[in-house]
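model_31.pdb (PDB, C-alpha atoms)
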MODEL        1
ATOM      1  CA  MET A   4      82.298  85.924  73.089
ATOM      2  CA  THR A   5      81.754  88.541  74.259
ATOM      3  CA  PRO A   6      81.454  88.909  76.791
ATOM      4  CA  ALA A   7      80.950  85.921  77.428
ATOM      5  CA  THR A   8      81.237  87.497  77.291
ATOM      6  CA  ALA A   9      79.917  84.199  76.357
ATOM      7  CA  SER A  10      81.064  83.723  77.118
ATOM      8  CA  ALA A  11      84.607  84.784  79.252
ATOM      9  CA  PRO A  12      84.699  83.972  82.368
ATOM     10  CA  PRO A  13      83.518  87.029  84.149
ATOM     11  CA  SER A  14      85.043  87.609  87.532
ATOM     12  CA  ALA A  15      83.532  89.091  90.648
ATOM     13  CA  ALA A  16      86.771  90.369  92.107
ATOM     14  CA  THR A  17      88.191  93.719  93.062
ATOM     15  CA  THR A  18      91.795  94.805  93.281
ATOM     16  CA  ALA A  19      93.862  96.635  95.818
ATOM     17  CA  GLU A  20      95.865  99.795  95.129
ATOM     18  CA  PRO A  21      98.571  99.310  92.498
ATOM     19  CA  SER A  22     101.931  98.350  93.945
ATOM     20  CA  SER A  23     104.974 100.559  93.472
ATOM     21  CA  ALA A  24     107.116  97.484  92.829
ATOM     22  CA  PRO A  25     108.385  97.068  89.248
ATOM     23  CA  VAL A  26     106.100  95.018  87.037
ATOM     24  CA  ARG A  27     107.608  92.119  85.078
ATOM     25  CA  ARG A  28     107.308  92.690  81.341
ATOM     26  CA  PRO A  29     105.131  90.027  79.646
ATOM     27  CA  LEU A  30     106.892  87.684  77.236
ATOM     28  CA  LEU A  31     104.387  88.433  74.462
ATOM     29  CA  ASP A  32     103.409  91.889  73.239
ATOM     30  CA  TRP A  33      99.895  92.890  74.281
ATOM     31  CA  ARG A  34      98.772  92.999  70.632
ATOM     32  CA  VAL A  35      99.669  89.340  70.202
ATOM     33  CA  ARG A  36      97.750  88.430  73.357
ATOM     34  CA  PHE A  37      94.827  90.601  72.249
ATOM     35  CA  GLY A  38      94.685  88.755  68.924
ATOM     36  CA  ALA A  39      94.950  85.370  70.626
ATOM     37  CA  LEU A  40      92.130  86.269  73.010
ATOM     38  CA  SER A  41      89.917  87.368  70.125
ATOM     39  CA  LEU A  42      90.551  84.064  68.353
ATOM     40  CA  VAL A  43      89.890  81.928  71.435
ATOM     41  CA  TRP A  44      86.623  83.671  72.306
ATOM     42  CA  GLY A  45      85.539  83.795  68.663
ATOM     43  CA  PHE A  46      86.151  80.056  68.267
ATOM     44  CA  SER A  47      84.279  79.277  71.506
ATOM     45  CA  PHE A  48      80.980  79.119  69.633
ATOM     46  CA  LEU A  49      82.452  76.632  67.171
ATOM     47  CA  PHE A  50      83.744  74.539  70.106
ATOM     48  CA  ILE A  51      80.237  74.489  71.594
ATOM     49  CA  LYS A  52      78.729  73.339  68.296
ATOM     50  CA  VAL A  53      81.258  70.492  67.956
ATOM     51  CA  GLY A  54      80.852  69.504  71.609
ATOM     52  CA  ASN A  55      77.080  69.274  71.126
ATOM     53  CA  GLU A  56      77.626  66.576  68.509
ATOM     54  CA  ALA A  57      78.557  64.038  71.200
ATOM     55  CA  PHE A  58      77.434  65.448  74.548
ATOM     56  CA  ALA A  59      74.243  66.913  75.979
ATOM     57  CA  PRO A  60      74.446  70.729  76.284
ATOM     58  CA  LEU A  61      74.552  70.607  80.083
ATOM     59  CA  TYR A  62      77.556  68.301  79.937
ATOM     60  CA  VAL A  63      79.268  70.538  77.395
ATOM     61  CA  THR A  64      78.828  73.350  79.907
ATOM     62  CA  LEU A  65      79.910  71.205  82.838
ATOM     63  CA  GLY A  66      83.083  70.223  80.990
ATOM     64  CA  ARG A  67      83.713  73.839  80.113
ATOM     65  CA  MET A  68      83.354  74.899  83.740
ATOM     66  CA  LEU A  69      85.409  71.988  85.030
ATOM     67  CA  PHE A  70      88.397  72.600  82.770
ATOM     68  CA  GLY A  71      88.210  76.380  83.253
ATOM     69  CA  THR A  72      88.109  75.998  87.027
ATOM     70  CA  ALA A  73      91.086  73.637  86.916
ATOM     71  CA  VAL A  74      93.172  76.277  85.120
ATOM     72  CA  LEU A  75      92.352  78.945  87.708
ATOM     73  CA  LEU A  76      92.881  76.644  90.697
ATOM     74  CA  VAL A  77      96.273  75.566  89.365
ATOM     75  CA  THR A  78      97.171  79.244  88.862
ATOM     76  CA  LEU A  79      96.063  79.997  92.413
ATOM     77  CA  ALA A  80      98.298  77.214  93.715
ATOM     78  CA  VAL A  81     101.289  78.422  91.690
ATOM     79  CA  LYS A  82     100.812  81.989  92.922
ATOM     80  CA  ARG A  83     100.146  80.707  96.461
ATOM     81  CA  GLU A  84      96.850  82.524  96.713
ATOM     82  CA  ARG A  85      93.788  81.261  98.543
ATOM     83  CA  LEU A  86      90.134  81.060  97.659
ATOM     84  CA  PRO A  87      87.895  83.722  99.252
ATOM     85  CA  ARG A  88      86.681  83.374 102.813
ATOM     86  CA  GLY A  89      83.374  84.238 104.446
ATOM     87  CA  ALA A  90      79.854  82.880 104.022
ATOM     88  CA  ARG A  91      78.561  86.213 102.694
ATOM     89  CA  VAL A  92      81.162  86.352  99.920
ATOM     90  CA  TRP A  93      80.516  82.748  98.906
ATOM     91  CA  GLY A  94      76.764  83.371  98.866
ATOM     92  CA  HIS A  95      77.124  86.307  96.501
ATOM     93  CA  LEU A  96      79.628  84.370  94.403
ATOM     94  CA  ALA A  97      77.069  81.571  94.012
ATOM     95  CA  VAL A  98      74.561  84.033  92.529
ATOM     96  CA  ALA A  99      77.251  85.561  90.303
ATOM     97  CA  ALA A 100      78.308  82.104  89.116
ATOM     98  CA  PHE A 101      74.727  81.323  88.143
ATOM     99  CA  PHE A 102      74.055  84.486  86.124
ATOM    100  CA  LEU A 103      77.542  84.933  84.669
ATOM    101  CA  ASN A 104      78.558  81.335  84.036
ATOM    102  CA  ALA A 105      76.211  78.405  84.631
ATOM    103  CA  LEU A 106      73.050  79.905  83.105
ATOM    104  CA  PRO A 107      74.412  81.729  80.019
ATOM    105  CA  PHE A 108      76.922  78.995  79.165
ATOM    106  CA  SER A 109      74.135  76.395  79.312
ATOM    107  CA  LEU A 110      71.704  78.519  77.294
ATOM    108  CA  PHE A 111      74.263  79.093  74.535
ATOM    109  CA  ALA A 112      74.927  75.351  74.397
ATOM    110  CA  TYR A 113      71.197  74.586  74.112
ATOM    111  CA  ALA A 114      70.743  77.381  71.559
ATOM    112  CA  GLU A 115      73.388  75.902  69.276
ATOM    113  CA  LEU A 116      71.389  72.706  68.967
ATOM    114  CA  THR A 117      69.115  74.581  66.552
ATOM    115  CA  ILE A 118      70.906  77.766  65.461
ATOM    116  CA  PRO A 119      74.279  78.295  63.730
ATOM    117  CA  SER A 120      77.329  79.168  65.808
ATOM    118  CA  THR A 121      77.553  82.395  63.780
ATOM    119  CA  LEU A 122      74.172  83.559  65.077
ATOM    120  CA  ALA A 123      75.066  82.585  68.651
ATOM    121  CA  GLY A 124      78.238  84.672  68.441
ATOM    122  CA  ILE A 125      76.312  87.690  67.194
ATOM    123  CA  CYS A 126      73.670  87.306  69.911
ATOM    124  CA  ASN A 127      76.482  87.282  72.480
ATOM    125  CA  ALA A 128      77.544  90.720  71.215
ATOM    126  CA  ALA A 129      74.154  92.068  72.339
ATOM    127  CA  SER A 130      75.184  91.841  76.013
ATOM    128  CA  PRO A 131      76.078  95.552  76.324
ATOM    129  CA  LEU A 132      72.647  96.399  74.874
ATOM    130  CA  TRP A 133      70.935  94.431  77.635
ATOM    131  CA  GLY A 134      73.171  96.171  80.159
ATOM    132  CA  MET A 135      72.079  99.540  78.831
ATOM    133  CA  LEU A 136      68.425  98.509  78.908
ATOM    134  CA  LEU A 137      68.829  97.404  82.511
ATOM    135  CA  ALA A 138      70.330 100.795  83.359
ATOM    136  CA  VAL A 139      67.296 102.497  81.800
ATOM    137  CA  VAL A 140      64.607 100.499  83.607
ATOM    138  CA  VAL A 141      66.387  99.968  86.942
ATOM    139  CA  VAL A 142      67.483 102.722  89.303
ATOM    140  CA  SER A 143      71.235 102.828  88.811
ATOM    141  CA  ASP A 144      74.242 105.055  89.372
ATOM    142  CA  ASP A 145      75.080 104.490  85.706
ATOM    143  CA  ARG A 146      72.561 106.870  84.164
ATOM    144  CA  PRO A 147      72.015 106.712  80.391
ATOM    145  CA  THR A 148      72.753 109.608  78.047
ATOM    146  CA  ARG A 149      70.927 110.365  74.802
ATOM    147  CA  GLN A 150      73.805 108.897  72.831
ATOM    148  CA  ARG A 151      73.730 105.658  74.808
ATOM    149  CA  VAL A 152      69.952 105.339  74.489
ATOM    150  CA  ALA A 153      70.344 105.885  70.746
ATOM    151  CA  GLY A 154      72.938 103.126  70.739
ATOM    152  CA  LEU A 155      70.465 100.854  72.501
ATOM    153  CA  GLY A 156      67.821 101.458  69.863
ATOM    154  CA  LEU A 157      70.307 101.063  67.021
ATOM    155  CA  GLY A 158      71.607  97.837  68.503
ATOM    156  CA  PHE A 159      68.211  96.212  68.739
ATOM    157  CA  ILE A 160      67.427  97.283  65.167
ATOM    158  CA  GLY A 161      70.618  95.460  64.238
ATOM    159  CA  VAL A 162      69.395  92.352  66.061
ATOM    160  CA  LEU A 163      66.156  92.418  64.032
ATOM    161  CA  ILE A 164      68.158  92.753  60.819
ATOM    162  CA  VAL A 165      70.363  89.803  61.789
ATOM    163  CA  LEU A 166      67.251  87.714  62.404
ATOM    164  CA  GLY A 167      65.573  88.825  59.168
ATOM    165  CA  ALA A 168      62.446  89.944  61.036
ATOM    166  CA  TRP A 169      60.784  91.267  57.857
ATOM    167  CA  GLN A 170      60.786  87.772  56.328
ATOM    168  CA  GLY A 171      59.747  85.600  59.238
ATOM    169  CA  PHE A 172      63.115  85.677  60.998
ATOM    170  CA  SER A 173      64.934  84.373  57.920
ATOM    171  CA  GLY A 174      64.321  80.731  58.755
ATOM    172  CA  GLN A 175      66.109  80.938  62.125
ATOM    173  CA  ASP A 176      64.766  78.821  64.966
ATOM    174  CA  PRO A 177      62.874  81.209  67.301
ATOM    175  CA  LEU A 178      63.493  79.133  70.436
ATOM    176  CA  GLY A 179      67.217  78.748  69.848
ATOM    177  CA  THR A 180      67.594  82.426  69.029
ATOM    178  CA  SER A 181      65.620  83.398  72.144
ATOM    179  CA  LEU A 182      67.848  81.205  74.321
ATOM    180  CA  ALA A 183      70.977  82.892  72.935
ATOM    181  CA  LEU A 184      69.536  86.363  73.557
ATOM    182  CA  ILE A 185      68.463  85.404  77.083
ATOM    183  CA  ALA A 186      71.999  84.139  77.674
ATOM    184  CA  SER A 187      73.450  87.507  76.681
ATOM    185  CA  ALA A 188      70.888  89.232  78.935
ATOM    186  CA  SER A 189      71.965  87.009  81.835
ATOM    187  CA  TYR A 190      75.421  88.573  81.671
ATOM    188  CA  ALA A 191      73.894  92.029  82.122
ATOM    189  CA  VAL A 192      71.961  90.905  85.213
ATOM    190  CA  GLY A 193      75.128  89.361  86.604
ATOM    191  CA  TRP A 194      77.147  92.539  86.044
ATOM    192  CA  GLN A 195      74.655  94.606  87.992
ATOM    193  CA  TYR A 196      74.581  92.075  90.816
ATOM    194  CA  VAL A 197      78.386  91.987  91.059
ATOM    195  CA  ARG A 198      78.627  95.765  91.114
ATOM    196  CA  ARG A 199      76.181  95.989  93.994
ATOM    197  CA  THR A 200      77.339  93.078  96.153
ATOM    198  CA  LEU A 201      80.984  92.203  95.463
ATOM    199  CA  SER A 202      82.664  95.538  94.926
ATOM    200  CA  ASP A 203      84.812  95.635  98.061
ATOM    201  CA  THR A 204      85.777  92.189  99.314
ATOM    202  CA  GLY A 205      89.524  92.640  99.650
ATOM    203  CA  HIS A 206      90.214  89.515  97.588
ATOM    204  CA  SER A 207      92.116  89.399  94.291
ATOM    205  CA  HIS A 208      90.576  88.944  90.852
ATOM    206  CA  LEU A 209      92.121  85.493  90.634
ATOM    207  CA  SER A 210      90.841  84.369  94.009
ATOM    208  CA  MET A 211      87.291  85.556  93.395
ATOM    209  CA  SER A 212      87.176  84.181  89.857
ATOM    210  CA  GLY A 213      88.445  80.816  91.029
ATOM    211  CA  GLY A 214      85.733  80.678  93.671
ATOM    212  CA  GLN A 215      83.063  81.788  91.226
ATOM    213  CA  LEU A 216      83.938  79.182  88.611
ATOM    214  CA  LEU A 217      84.223  76.513  91.297
ATOM    215  CA  LEU A 218      80.680  77.272  92.470
ATOM    216  CA  GLY A 219      79.411  77.315  88.891
ATOM    217  CA  THR A 220      80.971  73.883  88.351
ATOM    218  CA  VAL A 221      79.248  72.551  91.469
ATOM    219  CA  GLN A 222      75.915  73.955  90.261
ATOM    220  CA  LEU A 223      76.281  72.193  86.901
ATOM    221  CA  ALA A 224      77.492  68.978  88.528
ATOM    222  CA  LEU A 225      74.264  68.857  90.561
ATOM    223  CA  VAL A 226      71.939  69.731  87.683
ATOM    224  CA  ALA A 227      73.423  67.896  84.697
ATOM    225  CA  PRO A 228      72.847  64.286  85.894
ATOM    226  CA  VAL A 229      69.210  65.095  86.664
ATOM    227  CA  PHE A 230      68.251  66.827  83.401
ATOM    228  CA  ALA A 231      70.625  65.332  80.824
ATOM    229  CA  THR A 232      71.870  61.957  79.675
ATOM    230  CA  THR A 233      75.257  61.098  81.138
ATOM    231  CA  PRO A 234      77.885  60.514  78.406
ATOM    232  CA  THR A 235      78.849  56.894  77.875
ATOM    233  CA  SER A 236      81.507  57.527  75.219
ATOM    234  CA  PHE A 237      83.979  60.328  74.637
ATOM    235  CA  PRO A 238      84.780  60.844  70.942
ATOM    236  CA  ALA A 239      88.100  62.592  70.464
ATOM    237  CA  LEU A 240      87.053  65.695  68.511
ATOM    238  CA  PRO A 241      84.066  66.729  70.685
ATOM    239  CA  LEU A 242      86.086  66.014  73.828
ATOM    240  CA  LEU A 243      88.981  68.142  72.589
ATOM    241  CA  SER A 244      86.509  70.897  71.712
ATOM    242  CA  VAL A 245      85.093  70.926  75.240
ATOM    243  CA  LEU A 246      88.632  70.856  76.651
ATOM    244  CA  ALA A 247      89.604  73.848  74.503
ATOM    245  CA  LEU A 248      86.360  75.629  75.383
ATOM    246  CA  GLY A 249      87.057  75.279  79.099
ATOM    247  CA  ALA A 250      90.825  75.410  79.470
ATOM    248  CA  LEU A 251      91.439  78.041  76.786
ATOM    249  CA  GLY A 252      88.131  79.860  76.282
ATOM    250  CA  THR A 253      87.284  80.048  79.974
ATOM    251  CA  GLY A 254      90.416  79.577  82.090
ATOM    252  CA  VAL A 255      93.393  80.881  80.117
ATOM    253  CA  ALA A 256      91.268  83.562  78.396
ATOM    254  CA  PHE A 257      90.429  85.142  81.736
ATOM    255  CA  LEU A 258      94.074  85.249  82.756
ATOM    256  CA  VAL A 259      95.013  86.851  79.426
ATOM    257  CA  GLN A 260      92.201  89.397  79.665
ATOM    258  CA  TYR A 261      93.126  90.264  83.249
ATOM    259  CA  GLY A 262      96.705  90.931  82.105
ATOM    260  CA  LEU A 263      95.506  93.084  79.206
ATOM    261  CA  VAL A 264      93.323  95.210  81.481
ATOM    262  CA  ASP A 265      96.272  95.811  83.789
ATOM    263  CA  GLU A 266      98.660  96.632  80.938
ATOM    264  CA  VAL A 267      96.651  98.677  78.432
ATOM    265  CA  GLY A 268      93.543  99.595  80.430
ATOM    266  CA  PRO A 269      89.943  98.377  80.278
ATOM    267  CA  THR A 270      88.918 100.562  77.317
ATOM    268  CA  THR A 271      91.484  99.078  74.946
ATOM    269  CA  ALA A 272      91.088  95.576  76.333
ATOM    270  CA  MET A 273      87.310  95.763  75.891
ATOM    271  CA  MET A 274      87.732  96.267  72.142
ATOM    272  CA  VAL A 275      88.111  92.499  71.875
ATOM    273  CA  THR A 276      84.295  92.485  72.041
ATOM    274  CA  TYR A 277      84.102  93.827  68.499
ATOM    275  CA  PHE A 278      86.331  91.107  67.038
ATOM    276  CA  VAL A 279      84.622  88.101  68.657
ATOM    277  CA  PRO A 280      81.459  87.988  66.456
ATOM    278  CA  VAL A 281      83.577  88.548  63.344
ATOM    279  CA  ILE A 282      85.775  85.570  64.188
ATOM    280  CA  ALA A 283      82.792  83.468  65.280
ATOM    281  CA  THR A 284      81.110  84.157  61.938
ATOM    282  CA  THR A 285      84.257  83.444  59.922
ATOM    283  CA  ALA A 286      84.888  80.181  61.791
ATOM    284  CA  GLY A 287      81.280  79.040  61.422
ATOM    285  CA  VAL A 288      81.214  79.668  57.680
ATOM    286  CA  ALA A 289      84.741  78.488  56.807
ATOM    287  CA  ILE A 290      85.001  75.427  59.078
ATOM    288  CA  LEU A 291      81.432  74.317  59.789
ATOM    289  CA  GLY A 292      80.041  75.354  56.405
ATOM    290  CA  GLU A 293      77.235  77.418  57.931
ATOM    291  CA  HIS A 294      75.132  79.470  55.515
ATOM    292  CA  LEU A 295      75.430  83.252  55.694
ATOM    293  CA  THR A 296      72.950  85.684  54.126
ATOM    294  CA  TRP A 297      73.564  89.382  53.557
ATOM    295  CA  ASN A 298      71.508  90.514  56.552
ATOM    296  CA  THR A 299      73.666  88.636  59.072
ATOM    297  CA  PRO A 300      76.917  90.615  58.625
ATOM    298  CA  VAL A 301      75.067  93.888  58.002
ATOM    299  CA  GLY A 302      72.974  93.472  61.142
ATOM    300  CA  ALA A 303      76.032  92.378  63.132
ATOM    301  CA  VAL A 304      77.871  95.595  62.223
ATOM    302  CA  ILE A 305      74.864  97.642  63.361
ATOM    303  CA  VAL A 306      74.705  95.668  66.623
ATOM    304  CA  LEU A 307      78.382  96.367  67.295
ATOM    305  CA  ILE A 308      77.990 100.094  66.520
ATOM    306  CA  GLY A 309      75.035 100.262  68.891
ATOM    307  CA  ALA A 310      76.938  98.346  71.563
ATOM    308  CA  ALA A 311      79.882 100.734  71.191
ATOM    309  CA  LEU A 312      77.604 103.749  71.638
ATOM    310  CA  THR A 313      76.086 102.281  74.808
ATOM    311  CA  GLN A 314      79.569 102.101  76.337
ATOM    312  CA  ARG A 315      80.353 105.788  75.812
ATOM    313  CA  ARG A 316      80.019 108.172  78.733
ATOM    314  CA  ALA A 317      79.299 111.878  78.511
ATOM    315  CA  GLY A 318      82.379 114.001  78.973
ATOM    316  CA  THR A 319      80.757 115.876  81.859
ATOM    317  CA  SER A 320      79.593 112.798  83.728
ATOM    318  CA  ARG A 321      80.857 112.294  87.243
ATOM    319  CA  ALA A 322      83.996 110.176  87.211
ATOM    320  CA  PRO A 323      84.319 107.287  89.639
ATOM    321  CA  SER A 324      86.435 108.091  92.658
ATOM    322  CA  GLY A 325      88.383 106.048  95.166
ATOM    323  CA  ARG A 326      89.754 102.549  95.143
ATOM    324  CA  ARG A 327      86.324 100.905  95.248
ATOM    325  CA  SER A 328      85.041 102.704  92.137
ATOM    326  CA  ARG A 329      88.202 101.976  90.159
ATOM    327  CA  ALA A 330      88.004  98.311  91.053
ATOM    328  CA  VAL A 331      84.317  98.034  90.153
ATOM    329  CA  SER A 332      84.868  99.812  86.833
ATOM    330  CA  ARG A 333      87.741  97.523  85.969
ATOM    331  CA  ILE A 334      85.975  94.277  86.754
ATOM    332  CA  VAL A 335      82.749  95.259  85.017
ATOM    333  CA  ARG A 336      84.790  95.928  81.879
ATOM    334  CA  ILE A 337      86.233  92.411  82.193
ATOM    335  CA  HIS A 338      82.666  91.043  82.440
ATOM    336  CA  ARG A 339      81.577  92.836  79.299
ATOM    337  CA  THR A 340      84.235  91.205  77.151
ATOM    338  CA  GLY A 341      83.685  87.648  78.162
ATOM    339  CA  SER A 342      81.818  85.049  76.072
TER     340      SER A 342
ENDMDL
END
Kindly present the structure from the file in structure tokens form.
Amino acid sequence: MTPATASAPPSAATTAEPSSAPVRRPLLDWRVRFGALSLVWGFSFLFIKVGNEAFAPLYVTLGRMLFGTAVLLVTLAVKRERLPRGARVWGHLAVAAFFLNALPFSLFAYAELTIPSTLAGICNAASPLWGMLLAVVVVSDDRPTRQRVAGLGLGFIGVLIVLGAWQGFSGQDPLGTSLALIASASYAVGWQYVRRTLSDTGHSHLSMSGGQLLLGTVQLALVAPVFATTPTSFPALPLLSVLALGALGTGVAFLVQYGLVDEVGPTTAMMVTYFVPVIATTAGVAILGEHLTWNTPVGAVIVLIGAALTQRRAGTSRAPSGRRSRAVSRIVRIHRTGS
């Protein structure tokens, strides 16, 4: 979802210099993996909606985090990598886990109690717009250009069109919609925090992501029993939806996205962002029977155009230099594609 990303599980890791050793060719072509990733993240909003039918939103999120963490921890064990070390790193990871996982995942789950999964998927696509807005109002090394500011304005016009602002928000629940938009804004806050605090830890993407999701799971495990009703039954379809949401949409999706970034670069890999709301909308209408008015797809296209413009840099802008800048750029791109 986007970026989830919504959404994906964003990671707070950096990478070392590329190795000169030959890289093993993936079994599946990158286009196949790109399409699979788009489908998994697009269907994540449907999985949330189905999970909500049997479980409280906080437990949907807890299950998502639990299954996603399990995938990454198993991968760490297979690769014989360790979780990060150091109190400072774990402290920053706890904050990253809150803003990039626990908070937005929970808000999207609560939002889908009252809004369609199609609308939640489109709201997720607004994450780059919030990131651009944050760059405008906060002192940052990522200064906006006229084109990117125009993209910001265009994107938010698209959001208003999606919501049908001229006709009382087209019958959409204001609270649910606000929660989904706040969730997408949470990703932007998390990206900025990661860039400033976890840009040079020396740990791998996998190690840092495993630690981040583990901390997010602990946060939800502490909160969910206090603020939500503990499940007493586990119907098959909602349980399978939560399992798919966590294992596929959070755990496996990160591993696939990480491989895509390494193989085809962050710019191409980030294009998955533009397919997620399309798939989320198609799944919501075709499978869940959600109603779709003309302003939803039209506004969604405008949102995506605006989001694309906010990601463009001026040709004369100062390019990042050094290992640290390359690592930060790469991981922030991973954040922006997650749902």
Counting all atoms listed in the file, the residue of A:Phe159, A:Phe111, A:Phe257, A:Phe230 that sits nearest Ala186 of chain A:
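Ranking A:Phe159, A:Phe111, A:Phe257, A:Phe230 by distance to Ala186 of chain A, first place goes to A:Phe111.
This file, filtered with the PyMOL selection byres ((chain A and resi 69) around 9), gives the residues Thr64, Leu65, Gly66, Arg67, Met68, Phe70, Gly71, Thr72, Ala73, Val74, Leu216, Leu217, Gly219, Thr220, Val221, Gly249 and Ala250 of chain A.
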Please provide as a list in words all residues within 10 Å of Leu76 of chain A, with the sequence filter that same-chain residues fewer than 5 positions apart are discarded (counting all atoms listed in the file).
Phe70, Gly71, Val81, Lys82, Glu84, Arg85, Leu86, Leu209, Ser210, Ser212, Gly213, Gly214, Leu216, Leu217 and Gly254 of chain A
Once the PyMOL selection byres ((chain A and resi 282) around 9) has been applied to the shown file, what residues remain in the selection, as a list in words?
Ser41, Leu42, Trp44, Gly45, Phe46, Thr121, Gly124, Phe278, Val279, Pro280, Val281, Ala283, Thr284, Thr285, Ala286 and Gly287 of chain A
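The gap separating atom CA of Pro119 of chain A from atom CA of Leu295 of chain A is 9.5 Å, in Å to one decimal.
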With all atoms listed in the file as the atoms that count, which of A:Ser236, A:Arg91, A:Ile164, A:Met273 lies nearest to Thr296 of chain A?
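Between A:Ser236, A:Arg91, A:Ile164, A:Met273, the residue approaching Thr296 of chain A most closely is A:Ile164.
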Mind giving me the straight-line distance from atom CA of Val197 of chain A to atom CA of Gln215 of chain A in Å, one decimal?
11.2 Å
Among the residues A:Ala59, A:Ala129, A:Leu49, A:Met135, the one that comes closest to Ala303 of chain A [using all atoms listed in the file]
A:Ala129
Contacts of Trp33 of chain A at 9 Å (all atoms listed in the file; same-chain gap of 4+ positions) as a ChimeraX atom specification:
/A:29,37-38,262-263,266-267
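For the pair atom CA of Leu307 of chain A and atom CA of Arg34 of chain A, the interatomic distance is 20.9 Å.
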Per-axis box centre and lengths in Å around segment 121-138 of chain A, 8 Å margin per side, axis-aligned, as JSON:
{"center_x": 73.3, "center_y": 91.6, "center_z": 73.6, "size_x": 25.8, "size_y": 34.4, "size_z": 35.6}
